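So this block is start.pdb, PDB, C-alpha atoms:
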ATOM      1  CA  MET A   1      71.658 -42.541 291.499  1.00  0.00           C
ATOM      2  CA  GLU A   2      72.004 -45.890 293.236  1.00  0.00           C
ATOM      3  CA  PRO A   3      72.323 -49.109 291.200  1.00  0.00           C
ATOM      4  CA  PHE A   4      69.303 -49.783 289.011  1.00  0.00           C
ATOM      5  CA  ARG A   5      68.523 -53.079 290.723  1.00  0.00           C
ATOM      6  CA  GLU A   6      68.017 -51.236 294.020  1.00  0.00           C
ATOM      7  CA  VAL A   7      65.881 -48.563 292.365  1.00  0.00           C
ATOM      8  CA  LEU A   8      63.743 -51.177 290.597  1.00  0.00           C
ATOM      9  CA  THR A   9      63.270 -53.097 293.851  1.00  0.00           C
ATOM     10  CA  ALA A  10      61.995 -50.063 295.740  1.00  0.00           C
ATOM     11  CA  GLY A  11      58.930 -47.899 295.541  1.00  0.00           C
ATOM     12  CA  GLY A  12      55.268 -48.381 294.952  1.00  0.00           C
ATOM     13  CA  HIS A  13      53.178 -51.475 295.316  1.00  0.00           C
ATOM     14  CA  ARG A  14      54.803 -54.733 294.290  1.00  0.00           C
ATOM     15  CA  ASN A  15      52.735 -54.888 291.101  1.00  0.00           C
ATOM     16  CA  SER A  16      53.435 -51.269 290.132  1.00  0.00           C
ATOM     17  CA  LEU A  17      56.264 -49.827 288.078  1.00  0.00           C
ATOM     18  CA  GLY A  18      57.691 -48.378 291.282  1.00  0.00           C
ATOM     19  CA  ARG A  19      60.574 -46.047 290.582  1.00  0.00           C
ATOM     20  CA  SER A  20      61.175 -47.259 287.031  1.00  0.00           C
ATOM     21  CA  ALA A  21      60.557 -43.735 285.681  1.00  0.00           C
ATOM     22  CA  GLU A  22      63.732 -42.695 287.483  1.00  0.00           C
ATOM     23  CA  VAL A  23      65.662 -45.451 285.709  1.00  0.00           C
ATOM     24  CA  LEU A  24      64.153 -44.391 282.386  1.00  0.00           C
ATOM     25  CA  ALA A  25      65.321 -40.807 282.965  1.00  0.00           C
ATOM     26  CA  ALA A  26      68.767 -41.990 284.070  1.00  0.00           C
ATOM     27  CA  VAL A  27      69.306 -44.053 280.891  1.00  0.00           C
ATOM     28  CA  ARG A  28      68.060 -41.195 278.733  1.00  0.00           C
ATOM     29  CA  ALA A  29      70.637 -38.943 280.445  1.00  0.00           C
ATOM     30  CA  ASP A  30      73.394 -41.566 280.355  1.00  0.00           C
ATOM     31  CA  PRO A  31      72.899 -44.144 277.577  1.00  0.00           C
ATOM     32  CA  GLY A  32      75.986 -45.954 278.859  1.00  0.00           C
ATOM     33  CA  ARG A  33      73.820 -47.374 281.629  1.00  0.00           C
ATOM     34  CA  LEU A  34      71.598 -49.324 279.235  1.00  0.00           C
ATOM     35  CA  ASP A  35      73.694 -52.459 279.863  1.00  0.00           C
ATOM     36  CA  GLU A  36      72.986 -52.133 283.584  1.00  0.00           C
ATOM     37  CA  LEU A  37      69.263 -51.857 282.900  1.00  0.00           C
ATOM     38  CA  PHE A  38      69.257 -54.815 280.512  1.00  0.00           C
ATOM     39  CA  ALA A  39      71.060 -56.940 283.112  1.00  0.00           C
ATOM     40  CA  CYS A  40      68.157 -56.318 285.500  1.00  0.00           C
ATOM     41  CA  ILE A  41      65.810 -58.140 283.095  1.00  0.00           C
ATOM     42  CA  GLY A  42      67.562 -61.335 284.170  1.00  0.00           C
ATOM     43  CA  ASP A  43      67.221 -60.625 287.899  1.00  0.00           C
ATOM     44  CA  ASP A  44      65.947 -63.322 290.270  1.00  0.00           C
ATOM     45  CA  ASP A  45      63.148 -61.004 291.442  1.00  0.00           C
ATOM     46  CA  ALA A  46      60.151 -61.121 289.079  1.00  0.00           C
ATOM     47  CA  TRP A  47      59.150 -57.530 289.944  1.00  0.00           C
ATOM     48  CA  VAL A  48      62.619 -56.233 289.083  1.00  0.00           C
ATOM     49  CA  ARG A  49      62.443 -58.140 285.773  1.00  0.00           C
ATOM     50  CA  MET A  50      59.020 -56.684 284.995  1.00  0.00           C
ATOM     51  CA  ARG A  51      60.069 -53.125 285.784  1.00  0.00           C
ATOM     52  CA  ALA A  52      63.351 -53.473 283.882  1.00  0.00           C
ATOM     53  CA  VAL A  53      61.807 -54.958 280.737  1.00  0.00           C
ATOM     54  CA  ASP A  54      59.067 -52.305 280.774  1.00  0.00           C
ATOM     55  CA  THR A  55      61.705 -49.580 280.949  1.00  0.00           C
ATOM     56  CA  PHE A  56      63.802 -51.235 278.224  1.00  0.00           C
ATOM     57  CA  GLU A  57      60.751 -51.486 275.943  1.00  0.00           C
ATOM     58  CA  LYS A  58      59.967 -47.784 276.432  1.00  0.00           C
ATOM     59  CA  LEU A  59      63.537 -46.855 275.493  1.00  0.00           C
ATOM     60  CA  VAL A  60      63.395 -49.071 272.394  1.00  0.00           C
ATOM     61  CA  ARG A  61      60.052 -47.632 271.358  1.00  0.00           C
ATOM     62  CA  GLU A  62      61.621 -44.143 271.532  1.00  0.00           C
ATOM     63  CA  ASP A  63      64.670 -45.247 269.516  1.00  0.00           C
ATOM     64  CA  PRO A  64      64.491 -48.742 267.994  1.00  0.00           C
ATOM     65  CA  GLU A  65      68.244 -48.716 267.317  1.00  0.00           C
ATOM     66  CA  ARG A  66      68.786 -49.053 271.066  1.00  0.00           C
ATOM     67  CA  ALA A  67      67.641 -52.660 270.747  1.00  0.00           C
ATOM     68  CA  ARG A  68      70.261 -53.668 268.178  1.00  0.00           C
ATOM     69  CA  PRO A  69      73.070 -54.703 270.586  1.00  0.00           C
ATOM     70  CA  TYR A  70      70.611 -56.725 272.688  1.00  0.00           C
ATOM     71  CA  LEU A  71      68.659 -58.581 270.011  1.00  0.00           C
ATOM     72  CA  GLY A  72      70.631 -61.811 270.378  1.00  0.00           C
ATOM     73  CA  ARG A  73      69.768 -61.911 274.076  1.00  0.00           C
ATOM     74  CA  VAL A  74      66.181 -60.778 273.482  1.00  0.00           C
ATOM     75  CA  LEU A  75      65.673 -63.604 270.973  1.00  0.00           C
ATOM     76  CA  GLY A  76      67.618 -66.050 273.143  1.00  0.00           C
ATOM     77  CA  ASP A  77      67.293 -65.489 276.875  1.00  0.00           C
ATOM     78  CA  LEU A  78      64.157 -63.361 276.989  1.00  0.00           C
ATOM     79  CA  THR A  79      62.071 -65.481 274.633  1.00  0.00           C
ATOM     80  CA  ARG A  80      62.653 -68.423 276.993  1.00  0.00           C
ATOM     81  CA  SER A  81      61.021 -66.566 279.879  1.00  0.00           C
ATOM     82  CA  ASP A  82      57.675 -67.886 281.065  1.00  0.00           C
ATOM     83  CA  GLN A  83      56.896 -64.600 282.842  1.00  0.00           C
ATOM     84  CA  PRO A  84      53.979 -62.937 281.035  1.00  0.00           C
ATOM     85  CA  SER A  85      55.230 -59.393 281.690  1.00  0.00           C
ATOM     86  CA  VAL A  86      58.541 -60.275 280.046  1.00  0.00           C
ATOM     87  CA  GLN A  87      56.782 -61.972 277.127  1.00  0.00           C
ATOM     88  CA  TRP A  88      54.460 -59.104 276.291  1.00  0.00           C
ATOM     89  CA  HIS A  89      57.302 -56.574 276.417  1.00  0.00           C
ATOM     90  CA  VAL A  90      59.426 -58.835 274.214  1.00  0.00           C
ATOM     91  CA  ALA A  91      56.578 -58.831 271.683  1.00  0.00           C
ATOM     92  CA  GLN A  92      56.509 -55.022 271.804  1.00  0.00           C
ATOM     93  CA  VAL A  93      60.284 -54.798 271.316  1.00  0.00           C
ATOM     94  CA  LEU A  94      60.251 -57.254 268.419  1.00  0.00           C
ATOM     95  CA  ALA A  95      57.543 -55.243 266.666  1.00  0.00           C
ATOM     96  CA  VAL A  96      59.795 -52.177 266.367  1.00  0.00           C
ATOM     97  CA  ALA A  97      63.375 -53.475 266.577  1.00  0.00           C
ATOM     98  CA  PRO A  98      65.687 -53.337 263.541  1.00  0.00           C
ATOM     99  CA  LEU A  99      65.810 -57.086 262.894  1.00  0.00           C
ATOM    100  CA  THR A 100      67.882 -58.933 260.326  1.00  0.00           C
ATOM    101  CA  ALA A 101      66.039 -61.439 258.138  1.00  0.00           C
ATOM    102  CA  GLY A 102      67.178 -64.302 260.384  1.00  0.00           C
ATOM    103  CA  GLN A 103      66.177 -62.474 263.552  1.00  0.00           C
ATOM    104  CA  ARG A 104      62.826 -61.651 261.996  1.00  0.00           C
ATOM    105  CA  ARG A 105      62.201 -65.348 261.243  1.00  0.00           C
ATOM    106  CA  ARG A 106      63.009 -66.216 264.871  1.00  0.00           C
ATOM    107  CA  ALA A 107      60.799 -63.394 266.135  1.00  0.00           C
ATOM    108  CA  VAL A 108      57.865 -64.460 263.966  1.00  0.00           C
ATOM    109  CA  ALA A 109      58.261 -68.102 265.055  1.00  0.00           C
ATOM    110  CA  TRP A 110      58.232 -67.035 268.709  1.00  0.00           C
ATOM    111  CA  LEU A 111      55.148 -64.848 268.222  1.00  0.00           C
ATOM    112  CA  VAL A 112      53.328 -67.605 266.335  1.00  0.00           C
ATOM    113  CA  ALA A 113      54.074 -70.046 269.170  1.00  0.00           C
ATOM    114  CA  ARG A 114      52.410 -67.653 271.649  1.00  0.00           C
ATOM    115  CA  LEU A 115      49.287 -67.501 269.487  1.00  0.00           C
ATOM    116  CA  GLU A 116      48.842 -71.192 268.694  1.00  0.00           C
ATOM    117  CA  THR A 117      46.771 -71.569 271.875  1.00  0.00           C
ATOM    118  CA  THR A 118      44.207 -69.570 273.779  1.00  0.00           C
ATOM    119  CA  GLU A 119      45.875 -70.651 277.018  1.00  0.00           C
ATOM    120  CA  VAL A 120      48.198 -67.660 276.806  1.00  0.00           C
ATOM    121  CA  ASP A 121      48.056 -64.617 279.076  1.00  0.00           C
ATOM    122  CA  TRP A 122      45.669 -62.076 277.596  1.00  0.00           C
ATOM    123  CA  ILE A 123      48.240 -59.261 277.425  1.00  0.00           C
ATOM    124  CA  VAL A 124      50.791 -61.611 275.846  1.00  0.00           C
ATOM    125  CA  ALA A 125      48.149 -62.569 273.270  1.00  0.00           C
ATOM    126  CA  ALA A 126      47.224 -58.936 272.587  1.00  0.00           C
ATOM    127  CA  GLN A 127      50.823 -57.758 272.222  1.00  0.00           C
ATOM    128  CA  SER A 128      51.821 -60.793 270.146  1.00  0.00           C
ATOM    129  CA  LEU A 129      48.891 -60.113 267.812  1.00  0.00           C
ATOM    130  CA  ALA A 130      49.918 -56.459 267.507  1.00  0.00           C
ATOM    131  CA  ALA A 131      53.505 -57.444 266.688  1.00  0.00           C
ATOM    132  CA  LEU A 132      52.444 -60.084 264.179  1.00  0.00           C
ATOM    133  CA  ASP A 133      50.062 -57.599 262.588  1.00  0.00           C
ATOM    134  CA  ALA A 134      52.997 -55.174 262.206  1.00  0.00           C
ATOM    135  CA  PHE A 135      55.062 -57.922 260.545  1.00  0.00           C
ATOM    136  CA  GLU A 136      52.164 -58.749 258.213  1.00  0.00           C
ATOM    137  CA  ARG A 137      51.739 -55.090 257.222  1.00  0.00           C
ATOM    138  CA  ARG A 138      55.446 -54.982 256.289  1.00  0.00           C
ATOM    139  CA  GLY A 139      55.119 -58.158 254.229  1.00  0.00           C
ATOM    140  CA  HIS A 140      57.059 -60.442 256.587  1.00  0.00           C
ATOM    141  CA  VAL A 141      54.094 -62.653 257.507  1.00  0.00           C
ATOM    142  CA  GLY A 142      51.478 -63.920 255.121  1.00  0.00           C
ATOM    143  CA  THR A 143      47.942 -62.699 255.604  1.00  0.00           C
ATOM    144  CA  ALA A 144      46.680 -66.299 255.614  1.00  0.00           C
ATOM    145  CA  GLU A 145      48.975 -67.134 258.549  1.00  0.00           C
ATOM    146  CA  LEU A 146      47.827 -64.049 260.449  1.00  0.00           C
ATOM    147  CA  VAL A 147      44.175 -64.942 259.798  1.00  0.00           C
ATOM    148  CA  ARG A 148      44.778 -68.522 260.985  1.00  0.00           C
ATOM    149  CA  LEU A 149      46.152 -67.246 264.283  1.00  0.00           C
ATOM    150  CA  LEU A 150      43.431 -64.635 264.616  1.00  0.00           C
ATOM    151  CA  GLU A 151      40.868 -67.396 264.267  1.00  0.00           C
ATOM    152  CA  VAL A 152      42.598 -69.322 267.072  1.00  0.00           C
ATOM    153  CA  GLN A 153      42.597 -66.236 269.288  1.00  0.00           C
ATOM    154  CA  ALA A 154      38.934 -65.534 268.481  1.00  0.00           C
ATOM    155  CA  GLY A 155      38.288 -68.232 271.073  1.00  0.00           C
ATOM    156  CA  HIS A 156      40.438 -66.576 273.761  1.00  0.00           C
ATOM    157  CA  PRO A 157      38.706 -66.280 277.145  1.00  0.00           C
ATOM    158  CA  SER A 158      39.520 -62.555 277.286  1.00  0.00           C
ATOM    159  CA  ALA A 159      36.910 -60.237 275.776  1.00  0.00           C
ATOM    160  CA  SER A 160      39.673 -57.703 275.174  1.00  0.00           C
ATOM    161  CA  VAL A 161      41.618 -60.165 273.014  1.00  0.00           C
ATOM    162  CA  ARG A 162      38.466 -61.128 271.119  1.00  0.00           C
ATOM    163  CA  ARG A 163      37.737 -57.425 270.405  1.00  0.00           C
ATOM    164  CA  LYS A 164      41.284 -56.929 269.102  1.00  0.00           C
ATOM    165  CA  VAL A 165      40.904 -60.033 266.924  1.00  0.00           C
ATOM    166  CA  ALA A 166      37.716 -58.611 265.436  1.00  0.00           C
ATOM    167  CA  GLY A 167      39.517 -55.373 264.573  1.00  0.00           C
ATOM    168  CA  TYR A 168      42.445 -57.158 262.925  1.00  0.00           C
ATOM    169  CA  LEU A 169      40.086 -59.436 260.994  1.00  0.00           C
ATOM    170  CA  ALA A 170      38.133 -56.409 259.771  1.00  0.00           C
ATOM    171  CA  ARG A 171      41.387 -54.953 258.440  1.00  0.00           C
ATOM    172  CA  VAL A 172      42.609 -58.084 256.662  1.00  0.00           C
ATOM    173  CA  ARG A 173      39.163 -59.247 255.492  1.00  0.00           C
ATOM    174  CA  PRO A 174      37.292 -56.031 254.742  1.00  0.00           C
ATOM    175  CA  ALA A 175      33.564 -56.256 254.176  1.00  0.00           C
ATOM    176  CA  GLY A 176      32.857 -56.364 250.517  1.00  0.00           C
TER     177      GLY A 176
END

Let me see the structure of the file written as structure tokens.
Amino acid sequence: MEPFREVLTAGGHRNSLGRSAEVLAAVRADPGRLDELFACIGDDDAWVRMRAVDTFEKLVREDPERARPYLGRVLGDLTRSDQPSVQWHVAQVLAVAPLTAGQRRRAVAWLVARLETTEVDWIVAAQSLAALDAFERRGHVGTAELVRLLEVQAGHPSASVRRKVAGYLARVRPAG
């Protein structure tokens, strides 16, 4: 297979995942190529970044331990990205990654910062809420803090985000 950057550049419409399934299969077959994939998340081309981070997130979801060697860069380089498709995949990775206590504090702070405003991309908001909900369920975020952020996001312009907020609020504040 050609270099991942070339594969991730080619195929499909610009806003599609293109040939990323081929990269996913290649890393599954040869885990030694995960570094090559991760490097593509820092590419100059936004579509390559999007396809690479999507593929990385899928691999981490399958086996969260895959994230461990990359967590410093995820919490450093990737959390500084202003690209929504990178941000929402970072939220997904953080929700399942094997974080140390310090990494978890950084992850929660980053997620909270996404949710302090309704001027955040709707998918970033939805995935950040899902990750923060996972942290709250594990006892790493207080319910009051989650509720505060849910109340902020209840005013999000996206109906999808507002529906998700309603579901989370129903879980943390059951009708009684």

Exercise: Val141 (chain A) partners within 10 Å, only C-alpha atoms, chain neighbours under 5 positions left out, as an MDAnalysis selection string: chainID A and resid 104:105 108 132:136 146

For C-alpha atoms, I'd like the residues from the last selection saved as a PDB file, in the coordinates of the input.
ATOM      1  CA  ARG A 104      62.826 -61.651 261.996  1.00  0.00           C
ATOM      2  CA  ARG A 105      62.201 -65.348 261.243  1.00  0.00           C
ATOM      3  CA  VAL A 108      57.865 -64.460 263.966  1.00  0.00           C
ATOM      4  CA  LEU A 132      52.444 -60.084 264.179  1.00  0.00           C
ATOM      5  CA  ASP A 133      50.062 -57.599 262.588  1.00  0.00           C
ATOM      6  CA  ALA A 134      52.997 -55.174 262.206  1.00  0.00           C
ATOM      7  CA  PHE A 135      55.062 -57.922 260.545  1.00  0.00           C
ATOM      8  CA  GLU A 136      52.164 -58.749 258.213  1.00  0.00           C
ATOM      9  CA  LEU A 146      47.827 -64.049 260.449  1.00  0.00           C
TER      10      LEU A 146
END

Hits of the PyMOL selection byres ((chain A and resi 90-95) around 8) in this structure, as JSON, numbers by chain: {"A": [53, 57, 60, 61, 67, 74, 78, 79, 86, 87, 88, 89, 96, 97, 99, 107, 111, 124, 127, 128, 130, 131, 132, 134, 135]}

Near-Glu36 (chain A) list (12 Å; only C-alpha atoms; drop same-chain fewer than 5 positions) as a ChimeraX atom specification: /A:2-8,23-24,26-27,30-31,41-43,52-53,55-56

One-decimal distance in Å that lies between CA of Met1 (chain A) and CA of Asp54 (chain A):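 We find that CA of Asp54 (chain A) and CA of Met1 (chain A) lie 19.2 Å from each other.
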
Atom pair CA of Leu150 (chain A) / CA of Arg68 (chain A): separation (Å): 29.2 Å

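Using only C-alpha atoms, the shortest contact distance between Gly167 (chain A) and any of A:Ala101, A:Ala126, A:Ala109, A:Ala144 is found at A:Ala126.
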
Between CA of Leu71 (chain A) and CA of Gly102 (chain A) - distance in Å to one decimal: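 Between CA of Gly102 (chain A) and CA of Leu71 (chain A) the gap works out to 11.3 Å.
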
Reference answer for the PyMOL selection byres ((chain A and resi 162) around 12), as a list of chain:residue names: A:Thr118, A:Trp122, A:Ile123, A:Ala125, A:Ala126, A:Leu129, A:Leu149, A:Leu150, A:Glu151, A:Val152, A:Gln153, A:Ala154, A:Gly155, A:His156, A:Pro157, A:Ser158, A:Ala159, A:Ser160, A:Val161, A:Arg163, A:Lys164, A:Val165, A:Ala166, A:Gly167, A:Tyr168, A:Leu169

Ground truth for the PyMOL selection byres ((chain A and resi 19) around 9), written as a PyMOL selection string: chain A and resi 7-12+16-18+20-23+51

Which of A:Arg148, A:Arg28, A:Arg173, A:Arg114 sits closest to Lys58 (chain A) [using all atoms listed in the file]: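 The closest residue to Lys58 (chain A) is A:Arg28.
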
Which of A:Val120, A:Leu59, A:Ala25, A:Val112 sits closest to Asp82 (chain A) [using only C-alpha atoms]: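 Of A:Val120, A:Leu59, A:Ala25, A:Val112, the one nearest Asp82 (chain A), counting only C-alpha atoms, is A:Val120.
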
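Minimum atom-to-atom distances from A:Gly72, A:Asp121, A:Arg171, A:Asp45 to Arg106 (chain A) were compared using all atoms listed in the file, and the lowest value belongs to A:Gly72.
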
Please extract region 80-116 of chain A and write it out with N, CA and C atoms, as a tab-separated table (two decimals), in the first residue's frame.
chain	number	residue	atom	x	y	z
A	80	ARG	N	-5.30	21.72	20.50
A	80	ARG	CA	-5.13	23.10	20.03
A	80	ARG	C	-5.73	23.33	18.65
A	81	SER	N	-6.18	22.27	18.01
A	81	SER	CA	-6.77	22.39	16.68
A	81	SER	C	-8.09	23.14	16.74
A	82	ASP	N	-8.32	24.00	15.76
A	82	ASP	CA	-9.61	24.67	15.67
A	82	ASP	C	-10.51	24.01	14.61
A	83	GLN	N	-10.06	22.89	14.08
A	83	GLN	CA	-10.84	22.16	13.07
A	83	GLN	C	-11.89	21.30	13.77
A	84	PRO	N	-13.17	21.58	13.52
A	84	PRO	CA	-14.22	20.82	14.22
A	84	PRO	C	-14.09	19.31	14.09
A	85	SER	N	-13.74	18.80	12.91
A	85	SER	CA	-13.65	17.34	12.76
A	85	SER	C	-12.53	16.75	13.60
A	86	VAL	N	-11.48	17.51	13.85
A	86	VAL	CA	-10.44	17.04	14.77
A	86	VAL	C	-10.98	17.11	16.20
A	87	GLN	N	-11.63	18.20	16.55
A	87	GLN	CA	-12.14	18.36	17.92
A	87	GLN	C	-13.12	17.27	18.31
A	88	TRP	N	-14.08	16.96	17.44
A	88	TRP	CA	-15.07	15.98	17.86
A	88	TRP	C	-14.46	14.59	17.97
A	89	HIS	N	-13.47	14.27	17.13
A	89	HIS	CA	-12.81	12.97	17.26
A	89	HIS	C	-11.92	12.93	18.50
A	90	VAL	N	-11.31	14.05	18.85
A	90	VAL	CA	-10.54	14.11	20.09
A	90	VAL	C	-11.46	13.82	21.28
A	91	ALA	N	-12.63	14.42	21.28
A	91	ALA	CA	-13.59	14.16	22.36
A	91	ALA	C	-13.92	12.67	22.44
A	92	GLN	N	-14.11	12.03	21.30
A	92	GLN	CA	-14.42	10.60	21.28
A	92	GLN	C	-13.26	9.77	21.81
A	93	VAL	N	-12.04	10.14	21.43
A	93	VAL	CA	-10.86	9.42	21.91
A	93	VAL	C	-10.72	9.59	23.42
A	94	LEU	N	-10.88	10.81	23.90
A	94	LEU	CA	-10.72	11.07	25.33
A	94	LEU	C	-11.74	10.31	26.17
A	95	ALA	N	-12.91	10.08	25.62
A	95	ALA	CA	-13.96	9.37	26.35
A	95	ALA	C	-13.60	7.93	26.64
A	96	VAL	N	-12.73	7.32	25.83
A	96	VAL	CA	-12.43	5.90	26.00
A	96	VAL	C	-10.97	5.61	26.32
A	97	ALA	N	-10.10	6.58	26.17
A	97	ALA	CA	-8.66	6.36	26.34
A	97	ALA	C	-8.30	6.08	27.79
A	98	PRO	N	-7.25	5.29	28.02
A	98	PRO	CA	-6.78	5.00	29.37
A	98	PRO	C	-5.95	6.17	29.91
A	99	LEU	N	-6.62	7.13	30.51
A	99	LEU	CA	-5.97	8.37	30.96
A	99	LEU	C	-5.46	8.25	32.39
A	100	THR	N	-4.33	8.89	32.65
A	100	THR	CA	-3.87	9.04	34.03
A	100	THR	C	-4.74	10.12	34.67
A	101	ALA	N	-4.62	10.29	35.98
A	101	ALA	CA	-5.40	11.31	36.67
A	101	ALA	C	-5.09	12.70	36.10
A	102	GLY	N	-3.83	12.99	35.86
A	102	GLY	CA	-3.46	14.29	35.29
A	102	GLY	C	-3.99	14.48	33.89
A	103	GLN	N	-3.91	13.45	33.07
A	103	GLN	CA	-4.44	13.53	31.71
A	103	GLN	C	-5.95	13.71	31.75
A	104	ARG	N	-6.59	13.03	32.68
A	104	ARG	CA	-8.05	13.15	32.80
A	104	ARG	C	-8.44	14.58	33.16
A	105	ARG	N	-7.69	15.20	34.07
A	105	ARG	CA	-7.99	16.60	34.43
A	105	ARG	C	-7.84	17.50	33.20
A	106	ARG	N	-6.80	17.30	32.42
A	106	ARG	CA	-6.61	18.09	31.20
A	106	ARG	C	-7.73	17.84	30.21
A	107	ALA	N	-8.12	16.58	30.06
A	107	ALA	CA	-9.19	16.22	29.13
A	107	ALA	C	-10.50	16.87	29.55
A	108	VAL	N	-10.82	16.79	30.83
A	108	VAL	CA	-12.07	17.38	31.32
A	108	VAL	C	-12.05	18.89	31.11
A	109	ALA	N	-10.92	19.53	31.41
A	109	ALA	CA	-10.82	20.99	31.21
A	109	ALA	C	-11.04	21.35	29.76
A	110	TRP	N	-10.49	20.58	28.85
A	110	TRP	CA	-10.65	20.85	27.41
A	110	TRP	C	-12.12	20.67	27.01
A	111	LEU	N	-12.74	19.60	27.48
A	111	LEU	CA	-14.15	19.36	27.15
A	111	LEU	C	-15.04	20.47	27.70
A	112	VAL	N	-14.80	20.86	28.94
A	112	VAL	CA	-15.57	21.94	29.56
A	112	VAL	C	-15.45	23.21	28.73
A	113	ALA	N	-14.24	23.52	28.28
A	113	ALA	CA	-14.03	24.74	27.48
A	113	ALA	C	-14.84	24.71	26.20
A	114	ARG	N	-15.04	23.54	25.60
A	114	ARG	CA	-15.85	23.43	24.38
A	114	ARG	C	-17.31	23.76	24.70
A	115	LEU	N	-17.74	23.43	25.91
A	115	LEU	CA	-19.17	23.49	26.25
A	115	LEU	C	-19.57	24.75	26.99
A	116	GLU	N	-18.64	25.64	27.21
A	116	GLU	CA	-18.94	26.89	27.92
A	116	GLU	C	-19.73	27.87	27.05
